[in-house]
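Student: Handing over target.csv, CSV, C-alpha atoms.
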```csv
chain,number,residue,atom,x,y,z
X,1,MET,CA,115.1,116.5,79.8
X,2,ALA,CA,112.4,116.1,82.4
X,3,GLN,CA,113.2,113.7,85.2
X,4,ILE,CA,111.0,112.1,87.9
X,5,VAL,CA,112.6,112.8,91.3
X,6,ALA,CA,110.1,111.4,93.8
X,7,GLY,CA,106.8,109.6,94.4
X,8,PHE,CA,104.2,110.4,97.1
X,9,GLY,CA,101.2,108.4,98.2
X,10,VAL,CA,98.6,110.7,99.8
X,11,PRO,CA,95.1,110.3,101.4
X,12,HIS,CA,92.4,112.8,100.6
X,13,THR,CA,89.7,112.5,103.3
X,14,PRO,CA,87.6,115.6,102.7
X,15,ILE,CA,87.0,116.4,106.4
X,16,PHE,CA,90.7,116.5,107.2
X,17,PRO,CA,91.2,120.2,106.6
X,18,HIS,CA,88.3,120.9,109.1
X,19,PHE,CA,89.8,118.6,111.6
X,20,VAL,CA,93.2,120.3,111.4
X,21,LYS,CA,91.6,123.7,111.7
X,22,ARG,CA,89.7,122.5,114.8
X,23,ASP,CA,92.5,120.5,116.5
X,24,GLY,CA,95.5,122.5,115.6
X,25,PRO,CA,99.0,121.8,114.3
X,26,ASP,CA,99.8,119.2,116.8
X,27,CYS,CA,97.1,116.7,115.7
X,28,GLU,CA,98.0,113.5,113.9
X,29,ILE,CA,96.7,114.6,110.6
X,30,ALA,CA,98.6,117.9,110.6
X,31,LYS,CA,101.9,116.1,111.6
X,32,LEU,CA,101.5,113.4,108.9
X,33,PHE,CA,100.8,115.9,106.1
X,34,GLY,CA,103.4,118.3,107.6
X,35,ALA,CA,106.1,115.6,107.3
X,36,GLN,CA,105.1,115.1,103.6
X,37,GLN,CA,105.1,118.8,103.0
X,38,GLU,CA,108.7,119.0,104.2
X,39,GLN,CA,109.7,116.1,102.0
X,40,LEU,CA,108.0,117.6,99.0
X,41,ALA,CA,109.7,121.0,99.5
X,42,ALA,CA,113.1,119.2,99.7
X,43,THR,CA,112.5,117.7,96.2
X,44,ARG,CA,112.2,121.2,94.7
X,45,PRO,CA,109.5,120.1,92.2
X,46,ASP,CA,108.7,121.9,89.0
X,47,LEU,CA,105.6,119.8,88.4
X,48,ILE,CA,103.3,117.3,90.1
X,49,VAL,CA,101.6,114.6,88.1
X,50,MET,CA,98.8,113.2,90.3
X,51,PHE,CA,97.0,109.9,89.6
X,52,ASP,CA,93.5,110.3,91.1
X,53,THR,CA,90.0,108.8,91.1
X,54,ASP,CA,87.3,111.4,90.7
X,55,HIS,CA,84.2,111.0,92.8
X,56,LEU,CA,81.7,111.7,90.0
X,57,ASN,CA,82.3,115.4,90.2
X,58,THR,CA,84.6,116.0,87.3
X,59,PHE,CA,83.0,113.1,85.4
X,60,PHE,CA,79.7,111.4,85.8
X,61,LEU,CA,77.9,108.2,84.8
X,62,ASN,CA,77.1,109.4,81.3
X,63,ASP,CA,80.8,110.2,80.6
X,64,LEU,CA,83.1,108.0,82.7
X,65,PRO,CA,86.4,107.2,81.1
X,66,ILE,CA,88.7,104.5,82.5
X,67,PHE,CA,91.7,106.8,82.0
X,68,ALA,CA,91.8,110.5,81.3
X,69,VAL,CA,94.1,113.5,81.5
X,70,GLY,CA,93.2,117.0,82.5
X,71,ILE,CA,94.6,119.4,79.8
X,72,ASP,CA,94.3,123.1,80.4
X,73,ASN,CA,96.4,126.1,81.6
X,74,SER,CA,94.8,125.9,85.0
X,75,PHE,CA,91.8,124.3,86.8
X,76,LYS,CA,89.6,125.1,89.7
X,77,ALA,CA,89.6,123.1,93.0
X,78,PRO,CA,87.5,121.9,94.8
X,79,ASN,CA,84.2,121.5,93.1
X,80,ASP,CA,82.5,119.6,95.9
X,81,GLU,CA,83.0,122.1,98.9
X,82,PRO,CA,84.9,120.1,101.6
X,83,ARG,CA,84.8,122.1,104.8
X,84,ASP,CA,87.6,124.7,105.4
X,85,VAL,CA,89.2,124.3,101.9
X,86,PRO,CA,89.5,127.6,100.0
X,87,ASN,CA,88.6,127.9,96.4
X,88,TYR,CA,91.9,127.4,94.6
X,89,THR,CA,93.1,128.0,91.0
X,90,VAL,CA,95.8,125.4,90.3
X,91,LYS,CA,98.3,126.0,87.5
X,92,SER,CA,99.0,123.2,85.0
X,93,LEU,CA,101.2,122.6,81.9
X,94,PRO,CA,98.9,121.8,79.1
X,95,ALA,CA,101.6,121.1,76.4
X,96,LEU,CA,103.2,118.5,78.6
X,97,ALA,CA,99.8,117.0,79.6
X,98,ALA,CA,98.9,116.7,75.9
X,99,HIS,CA,102.3,115.1,75.2
X,100,ILE,CA,101.8,112.6,78.0
X,101,ARG,CA,98.4,111.7,76.6
X,102,ALA,CA,99.7,111.3,73.1
X,103,ALA,CA,102.6,109.1,74.2
X,104,VAL,CA,100.5,106.8,76.3
X,105,ILE,CA,97.9,106.4,73.5
X,106,GLY,CA,100.8,105.5,71.3
X,107,ALA,CA,101.8,102.9,73.9
X,108,GLY,CA,98.4,101.3,73.6
X,109,TYR,CA,96.3,103.0,76.3
X,110,ASP,CA,93.0,104.7,75.2
X,111,VAL,CA,93.2,107.8,77.3
X,112,GLY,CA,90.5,110.5,77.3
X,113,MET,CA,90.9,114.1,78.2
X,114,THR,CA,89.0,116.9,79.8
X,115,GLN,CA,89.4,120.6,79.3
X,116,ASN,CA,88.0,123.6,81.1
X,117,PHE,CA,87.5,121.3,84.1
X,118,SER,CA,87.5,121.4,87.9
X,119,VAL,CA,88.4,118.8,90.4
X,120,ASP,CA,87.1,117.6,93.7
X,121,HIS,CA,88.6,117.0,97.2
X,122,SER,CA,90.6,114.0,96.0
X,123,ILE,CA,93.0,116.4,94.4
X,124,ALA,CA,92.3,119.6,96.3
X,125,VAL,CA,92.8,118.2,99.9
X,126,PRO,CA,96.3,116.8,99.4
X,127,LEU,CA,97.3,120.0,97.6
X,128,HIS,CA,95.8,122.1,100.3
X,129,PHE,CA,98.2,120.5,102.8
X,130,LEU,CA,101.2,120.0,100.6
X,131,THR,CA,101.3,123.0,98.3
X,132,PRO,CA,99.0,125.6,100.0
X,133,ASP,CA,100.4,128.4,97.9
X,134,MET,CA,99.5,126.5,94.7
X,135,ASN,CA,102.8,127.5,93.2
X,136,ILE,CA,103.6,124.1,91.6
X,137,PRO,CA,101.8,123.2,88.4
X,138,VAL,CA,99.7,120.0,88.5
X,139,ILE,CA,98.6,117.6,85.8
X,140,PRO,CA,95.7,115.3,86.9
X,141,PHE,CA,95.6,111.8,85.5
X,142,PHE,CA,92.3,110.2,86.3
X,143,ILE,CA,91.8,106.4,86.8
X,144,SER,CA,88.3,105.0,87.3
X,145,GLY,CA,88.6,103.2,90.6
X,146,HIS,CA,85.1,103.3,92.1
X,147,LEU,CA,82.7,101.8,89.7
X,148,PRO,CA,83.2,98.3,88.2
X,149,PRO,CA,84.5,97.2,85.8
X,150,LEU,CA,87.8,98.5,87.3
X,151,PRO,CA,91.0,98.5,85.2
X,152,LYS,CA,93.4,95.7,86.2
X,153,ALA,CA,96.2,96.5,88.6
X,154,GLU,CA,98.8,95.2,86.2
X,155,ARG,CA,97.5,97.6,83.5
X,156,CYS,CA,97.6,100.6,85.9
X,157,HIS,CA,101.2,99.8,86.9
X,158,ALA,CA,102.2,99.5,83.2
X,159,LEU,CA,100.3,102.8,82.6
X,160,GLY,CA,102.5,104.4,85.2
X,161,GLN,CA,105.6,103.1,83.4
X,162,ALA,CA,104.3,104.6,80.1
X,163,VAL,CA,103.7,107.9,81.8
X,164,ALA,CA,107.2,107.9,83.1
X,165,ARG,CA,108.6,107.3,79.7
X,166,ALA,CA,106.6,110.2,78.3
X,167,ILE,CA,107.8,112.5,81.0
X,168,GLU,CA,111.4,111.5,80.5
X,169,ALA,CA,111.1,112.2,76.8
X,170,TRP,CA,110.0,115.8,77.4
X,171,PRO,CA,112.9,118.0,76.3
X,172,GLN,CA,112.5,120.7,78.9
X,173,ALA,CA,114.4,120.3,82.2
X,174,LEU,CA,111.8,119.7,84.9
X,175,ARG,CA,111.8,118.0,88.3
X,176,VAL,CA,108.6,116.0,88.4
X,177,VAL,CA,106.9,114.4,91.4
X,178,ILE,CA,104.4,111.6,90.9
X,179,MET,CA,101.5,111.3,93.4
X,180,GLY,CA,98.9,108.6,93.9
X,181,SER,CA,95.8,109.8,95.8
X,182,GLY,CA,93.5,107.6,97.7
X,183,SER,CA,92.7,104.9,100.3
X,184,PHE,CA,93.3,101.2,100.6
X,185,SER,CA,90.1,100.1,102.5
X,186,LEU,CA,87.2,102.5,102.8
X,187,GLU,CA,83.5,102.5,102.6
X,188,VAL,CA,81.8,105.9,102.2
X,189,GLY,CA,78.0,106.3,102.5
X,190,GLY,CA,77.5,102.6,102.1
X,191,PRO,CA,76.3,99.6,104.2
X,192,ARG,CA,79.7,98.8,105.6
X,193,MET,CA,80.1,102.2,107.4
X,194,ALA,CA,81.2,102.1,111.0
X,195,PRO,CA,78.4,102.8,113.6
X,196,GLY,CA,77.8,106.5,114.0
X,197,ARG,CA,80.1,107.5,111.1
X,198,SER,CA,79.7,108.3,107.4
X,199,ASP,CA,82.5,105.9,106.5
X,200,GLY,CA,84.2,102.7,107.6
X,201,VAL,CA,87.2,100.4,107.0
X,202,PRO,CA,85.7,97.1,105.9
X,203,ASP,CA,89.0,95.3,105.4
X,204,PRO,CA,91.7,96.5,107.8
X,205,ASP,CA,93.8,93.4,107.2
X,206,TRP,CA,94.0,94.2,103.5
X,207,ALA,CA,95.1,97.8,104.3
X,208,MET,CA,97.9,96.4,106.5
X,209,ARG,CA,98.9,93.9,103.7
X,210,VAL,CA,99.1,96.8,101.3
X,211,ILE,CA,101.3,98.8,103.7
X,212,LYS,CA,103.6,95.8,104.3
X,213,SER,CA,103.9,95.3,100.5
X,214,LEU,CA,104.9,98.9,100.1
X,215,GLU,CA,107.4,98.8,102.9
X,216,GLU,CA,109.0,95.6,101.7
X,217,ARG,CA,109.0,96.6,98.1
X,218,GLN,CA,106.9,93.6,97.2
X,219,ILE,CA,105.1,95.4,94.3
X,220,ASN,CA,104.5,92.3,92.2
X,221,ARG,CA,102.8,90.7,95.2
X,222,LEU,CA,100.6,93.8,95.7
X,223,ILE,CA,99.7,93.8,92.0
X,224,ALA,CA,98.8,90.1,92.0
X,225,GLU,CA,96.6,90.5,95.1
X,226,ALA,CA,94.9,93.7,94.0
X,227,THR,CA,92.1,92.0,92.0
X,228,GLN,CA,88.8,93.7,91.4
X,229,HIS,CA,87.2,91.3,93.9
X,230,GLN,CA,89.7,92.3,96.6
X,231,LEU,CA,89.5,96.0,95.9
X,232,LEU,CA,85.7,96.0,96.0
X,233,LYS,CA,85.8,93.9,99.2
X,234,ALA,CA,87.9,96.6,100.7
X,235,GLY,CA,85.1,99.1,100.3
X,236,ASN,CA,83.3,101.1,97.7
X,237,VAL,CA,86.3,103.3,97.2
X,238,GLY,CA,88.9,100.6,97.7
X,239,GLY,CA,89.8,100.8,94.0
X,240,GLU,CA,91.7,104.1,94.8
X,241,LEU,CA,94.7,101.8,95.5
X,242,LEU,CA,95.1,101.7,91.7
X,243,ASN,CA,96.3,105.3,91.8
X,244,TRP,CA,99.1,104.3,94.2
X,245,ILE,CA,99.9,101.3,91.9
X,246,ALA,CA,100.2,103.7,88.8
X,247,MET,CA,102.5,105.9,90.8
X,248,LEU,CA,104.6,102.9,91.7
X,249,GLY,CA,104.9,102.1,88.0
X,250,ALA,CA,106.0,105.6,87.2
X,251,ILE,CA,108.7,105.8,89.9
X,252,GLY,CA,110.2,102.3,89.4
X,253,ASP,CA,111.2,99.6,91.8
X,254,ARG,CA,112.3,101.7,94.8
X,255,LYS,CA,112.1,101.3,98.6
X,256,PRO,CA,110.1,104.1,100.3
X,257,ILE,CA,111.7,106.5,102.7
X,258,TYR,CA,108.7,105.7,104.9
X,259,VAL,CA,105.0,104.6,104.8
X,260,ALA,CA,103.1,106.0,107.7
X,261,PRO,CA,99.8,104.2,108.3
X,262,GLN,CA,96.6,105.7,109.5
X,263,LEU,CA,94.7,102.5,109.8
X,264,GLN,CA,91.6,104.0,111.5
X,265,ASN,CA,91.0,105.6,108.1
X,266,GLY,CA,92.2,102.7,105.9
X,267,HIS,CA,95.0,104.7,104.3
X,268,ALA,CA,98.7,105.8,104.6
X,269,TYR,CA,101.1,108.5,103.8
X,270,GLY,CA,104.1,107.4,101.7
X,271,VAL,CA,107.3,109.1,100.4
X,272,TRP,CA,109.8,107.8,97.8
X,273,ARG,CA,112.7,110.1,97.2
X,274,TRP,CA,116.1,109.5,95.4
X,275,ASN,CA,117.1,112.8,93.7
```
So that I can check it, write out the structure of this file as structure tokens.
Tutor:
Amino acid sequence: MAQIVAGFGVPHTPIFPHFVKRDGPDCEIAKLFGAQQEQLAATRPDLIVMFDTDHLNTFFLNDLPIFAVGIDNSFKAPNDEPRDVPNYTVKSLPALAAHIRAAVIGAGYDVGMTQNFSVDHSIAVPLHFLTPDMNIPVIPFFISGHLPPLPKAERCHALGQAVARAIEAWPQALRVVIMGSGSFSLEVGGPRMAPGRSDGVPDPDWAMRVIKSLEERQINRLIAEATQHQLLKAGNVGGELLNWIAMLGAIGDRKPIYVAPQLQNGHAYGVWRWN
């Protein structure tokens, strides 16, 4: 049977590949992603399931599901042209993606799907750093975390648990890594940007509370505090934390190997490994 062997929390800032190309392998971004790349390689994954919030590039306002799964043999990335990111074709496992969708619908979640799709930097940037050869299949699981009404944190955590049950019921032997992609506190192109920048961190104290909850394995506390009001207070993309919370639901109550903060960007890099 398939088994979940690790969880990863990743940022996806679109300019990061350009910064690494400009600043070289000794810059902070390269080192933080490099450490995660080593951890990912050590897990020997056969599949990545990534919880992600699309930035109105795969979906748009006229077709914006709360939850959806990408189901196809492969998909293109990225569709929003972040600097210094090549055009990738990412393999997937459509039969398993369809199985996950059917199982979580059976568990009470109304999950849409997209086929013949492409994804934006929120998936492409982490994969660019962690799996640059694109040799690991990826199933994207989209959670609407930008535009209210947002799904509740409790529901996203329980959704992750349902996804885990679906994966573990798959008969093929696969080593599966669960990823959550996004920031904790970030304002992009909005009134709470930092002076001279196109983004900002409106609630650094919240970002630090999230990191401490992750480090201390206080997931129930994190879920209770991650209300829609708090997520929107943390920035117009603060709801991306829901992707991490879904990942935590899928991997179970575990202590991380590490959570490395990058508070100037309102996010962190996290690794949970046990097998």
Student: Output as CSV one row per residue of stretch 129-214 of chain X within 9 Å of stretch 3-10 of chain X: the closest atom pair and its distance in Å to one decimal place, counting all atoms listed in the file, sorted by chain and residue number ascending.
Tutor:
```
residue,atom,partner,partner_atom,distance
X:Ala164,CA,X:Ile4,CA,7.4
X:Ile167,CA,X:Gln3,CA,6.9
X:Glu168,CA,X:Gln3,CA,5.5
X:Ala169,CA,X:Gln3,CA,8.8
X:Trp170,CA,X:Gln3,CA,8.7
X:Ala173,CA,X:Gln3,CA,7.3
X:Leu174,CA,X:Gln3,CA,6.2
X:Arg175,CA,X:Gln3,CA,5.5
X:Val176,CA,X:Ile4,CA,4.6
X:Val177,CA,X:Ala6,CA,5.0
X:Ile178,CA,X:Gly7,CA,4.7
X:Met179,CA,X:Phe8,CA,4.7
X:Gly180,CA,X:Gly9,CA,4.9
X:Ser181,CA,X:Val10,CA,5.0
X:Gly182,CA,X:Val10,CA,6.3
X:Ser183,CA,X:Val10,CA,8.3
```
Student: Write out as a list of chain:residue names each polymer residue whose atoms come within 10 Å of X:Arg155, counting only C-alpha atoms; drop sequence neighbours fewer than 3 positions from it.
Tutor: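 These residues fall inside the cut-off: X:Tyr109, X:Pro151, X:Lys152, X:Ala158, X:Leu159, X:Gly160, X:Gln161, X:Ile223, X:Leu242, X:Ile245, X:Ala246, X:Gly249.
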Student: Can you list, as a PyMOL selection string, every protein, DNA or RNA residue that comes within 6 Å of stretch 110-123 of chain X when you count only C-alpha atoms, leaving out same-chain residues fewer than 4 positions away?
Tutor: chain X and resi 12+14+58+67-72+75-80+105
Student: Determine the nearest neighbour of X:Ala153 from the options X:Gln36, X:Ser185, X:Gln228, X:Asn135, counting all atoms listed in the file.
Tutor: X:Gln228
Student: Mind checking which residues fall within 8 Å of X:Ala234, counting only C-alpha atoms, ignoring those fewer than 3 positions away in the same chain, and posting them as a VMD selection string?
Tutor: chain X and resid 184 to 187 201 to 203 206 230 to 231 237 to 238
Student: Which polymer residues have any atom within 12 Å of an atom of X:Gln39, counting only C-alpha atoms, with same-chain residues fewer than 2 positions away left out, as a PyMOL selection string?
Tutor: chain X and resi 5-8+32-37+41-45+130-131+177+257-258+269-275
Student: Determine the nearest neighbour of X:Phe142 from the options X:Val90, X:Val20, X:Leu263, X:Cys156, counting only C-alpha atoms.
Tutor: X:Cys156
Student: Find the residue from X:Lys212, X:Arg101, X:His157, X:His18 that sits nearest to X:Phe141; use all atoms listed in the file when measuring.
Tutor: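 Of the candidates, the smallest distance to X:Phe141 is held by X:Arg101.
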Student: Work out how far apart atom CA of X:Pro195 and atom CA of X:Gln262 are and give it in Å to one decimal.
Tutor: 18.9 Å
Student: Quick one, how far is atom CA of X:Leu96 from atom CA of X:Thr53?
Tutor: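 Between atom CA of X:Leu96 and atom CA of X:Thr53 the gap works out to 20.6 Å.
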Student: In terms of the shortest atom-to-atom distance over all atoms listed in the file, which of X:Leu241, X:Ile251, X:Pro25, X:Ile100 is closest to X:Ile211?
Tutor: X:Leu241
Student: Work out how far apart atom CA of X:Val210 and atom CA of X:Phe60 are and give it in Å to one decimal.
Tutor: 28.8 Å
Student: Once all heavy atoms are restored for stretch 103-114 of chain X, what would the output be as a PDB file, keeping the file's coordinate frame?
Tutor:
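Just written: out-v9.pdb:
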```
ATOM      1  N   ALA X 103     101.589 110.210  74.084  1.00  0.00           N
ATOM      2  CA  ALA X 103     102.600 109.100  74.200  1.00  0.00           C
ATOM      3  C   ALA X 103     101.963 107.863  74.764  1.00  0.00           C
ATOM      4  O   ALA X 103     102.273 106.766  74.283  1.00  0.00           O
ATOM      5  CB  ALA X 103     103.719 109.613  75.133  1.00  0.00           C
ATOM      6  N   VAL X 104     101.083 107.984  75.760  1.00  0.00           N
ATOM      7  CA  VAL X 104     100.500 106.800  76.300  1.00  0.00           C
ATOM      8  C   VAL X 104      99.467 106.158  75.390  1.00  0.00           C
ATOM      9  O   VAL X 104      99.282 104.928  75.371  1.00  0.00           O
ATOM     10  CB  VAL X 104      99.946 106.997  77.749  1.00  0.00           C
ATOM     11  CG1 VAL X 104     101.049 107.376  78.711  1.00  0.00           C
ATOM     12  CG2 VAL X 104      98.853 108.033  77.766  1.00  0.00           C
ATOM     13  N   ILE X 105      98.794 106.984  74.581  1.00  0.00           N
ATOM     14  CA  ILE X 105      97.900 106.400  73.500  1.00  0.00           C
ATOM     15  C   ILE X 105      98.769 105.647  72.543  1.00  0.00           C
ATOM     16  O   ILE X 105      98.416 104.534  72.126  1.00  0.00           O
ATOM     17  CB  ILE X 105      97.117 107.542  72.847  1.00  0.00           C
ATOM     18  CG1 ILE X 105      96.038 108.069  73.789  1.00  0.00           C
ATOM     19  CG2 ILE X 105      96.471 107.016  71.553  1.00  0.00           C
ATOM     20  CD1 ILE X 105      95.275 109.271  73.245  1.00  0.00           C
ATOM     21  N   GLY X 106      99.924 106.204  72.187  1.00  0.00           N
ATOM     22  CA  GLY X 106     100.800 105.500  71.300  1.00  0.00           C
ATOM     23  C   GLY X 106     101.340 104.198  71.884  1.00  0.00           C
ATOM     24  O   GLY X 106     101.687 103.264  71.145  1.00  0.00           O
ATOM     25  N   ALA X 107     101.373 104.118  73.223  1.00  0.00           N
ATOM     26  CA  ALA X 107     101.800 102.900  73.900  1.00  0.00           C
ATOM     27  C   ALA X 107     100.673 101.891  74.079  1.00  0.00           C
ATOM     28  O   ALA X 107     100.890 100.821  74.655  1.00  0.00           O
ATOM     29  CB  ALA X 107     102.422 103.233  75.252  1.00  0.00           C
ATOM     30  N   GLY X 108      99.467 102.230  73.599  1.00  0.00           N
ATOM     31  CA  GLY X 108      98.400 101.300  73.600  1.00  0.00           C
ATOM     32  C   GLY X 108      97.300 101.518  74.656  1.00  0.00           C
ATOM     33  O   GLY X 108      96.450 100.653  74.889  1.00  0.00           O
ATOM     34  N   TYR X 109      97.278 102.715  75.260  1.00  0.00           N
ATOM     35  CA  TYR X 109      96.300 103.000  76.300  1.00  0.00           C
ATOM     36  C   TYR X 109      95.294 104.053  75.678  1.00  0.00           C
ATOM     37  O   TYR X 109      95.711 105.098  75.171  1.00  0.00           O
ATOM     38  CB  TYR X 109      96.912 103.619  77.524  1.00  0.00           C
ATOM     39  CG  TYR X 109      97.776 102.624  78.236  1.00  0.00           C
ATOM     40  CD1 TYR X 109      99.111 102.462  77.868  1.00  0.00           C
ATOM     41  CD2 TYR X 109      97.263 101.811  79.227  1.00  0.00           C
ATOM     42  CE1 TYR X 109      99.913 101.529  78.499  1.00  0.00           C
ATOM     43  CE2 TYR X 109      98.057 100.876  79.861  1.00  0.00           C
ATOM     44  CZ  TYR X 109      99.378 100.739  79.488  1.00  0.00           C
ATOM     45  OH  TYR X 109     100.165  99.808  80.109  1.00  0.00           O
ATOM     46  N   ASP X 110      94.007 103.755  75.737  1.00  0.00           N
ATOM     47  CA  ASP X 110      93.000 104.700  75.200  1.00  0.00           C
ATOM     48  C   ASP X 110      92.665 105.665  76.349  1.00  0.00           C
ATOM     49  O   ASP X 110      91.891 105.377  77.268  1.00  0.00           O
ATOM     50  CB  ASP X 110      91.746 103.907  74.804  1.00  0.00           C
ATOM     51  CG  ASP X 110      92.039 102.954  73.657  1.00  0.00           C
ATOM     52  OD1 ASP X 110      92.902 103.289  72.828  1.00  0.00           O
ATOM     53  OD2 ASP X 110      91.423 101.874  73.606  1.00  0.00           O
ATOM     54  N   VAL X 111      93.258 106.841  76.277  1.00  0.00           N
ATOM     55  CA  VAL X 111      93.200 107.800  77.300  1.00  0.00           C
ATOM     56  C   VAL X 111      92.340 109.020  76.856  1.00  0.00           C
ATOM     57  O   VAL X 111      92.662 109.658  75.845  1.00  0.00           O
ATOM     58  CB  VAL X 111      94.586 108.323  77.752  1.00  0.00           C
ATOM     59  CG1 VAL X 111      94.493 109.396  78.823  1.00  0.00           C
ATOM     60  CG2 VAL X 111      95.411 107.144  78.259  1.00  0.00           C
ATOM     61  N   GLY X 112      91.266 109.305  77.580  1.00  0.00           N
ATOM     62  CA  GLY X 112      90.500 110.500  77.300  1.00  0.00           C
ATOM     63  C   GLY X 112      91.102 111.737  77.791  1.00  0.00           C
ATOM     64  O   GLY X 112      92.207 111.728  78.345  1.00  0.00           O
ATOM     65  N   MET X 113      90.404 112.845  77.620  1.00  0.00           N
ATOM     66  CA  MET X 113      90.900 114.100  78.200  1.00  0.00           C
ATOM     67  C   MET X 113      89.710 114.939  78.599  1.00  0.00           C
ATOM     68  O   MET X 113      88.571 114.736  78.168  1.00  0.00           O
ATOM     69  CB  MET X 113      91.742 114.867  77.169  1.00  0.00           C
ATOM     70  CG  MET X 113      90.977 115.486  76.024  1.00  0.00           C
ATOM     71  SD  MET X 113      92.057 116.584  75.050  1.00  0.00           S
ATOM     72  CE  MET X 113      90.897 117.108  73.790  1.00  0.00           C
ATOM     73  N   THR X 114      89.982 115.889  79.481  1.00  0.00           N
ATOM     74  CA  THR X 114      89.000 116.900  79.800  1.00  0.00           C
ATOM     75  C   THR X 114      89.679 118.246  79.831  1.00  0.00           C
ATOM     76  O   THR X 114      90.851 118.379  80.203  1.00  0.00           O
ATOM     77  CB  THR X 114      88.366 116.598  81.227  1.00  0.00           C
ATOM     78  OG1 THR X 114      87.390 117.601  81.522  1.00  0.00           O
ATOM     79  CG2 THR X 114      89.412 116.553  82.331  1.00  0.00           C
TER      80      THR X 114
END
```
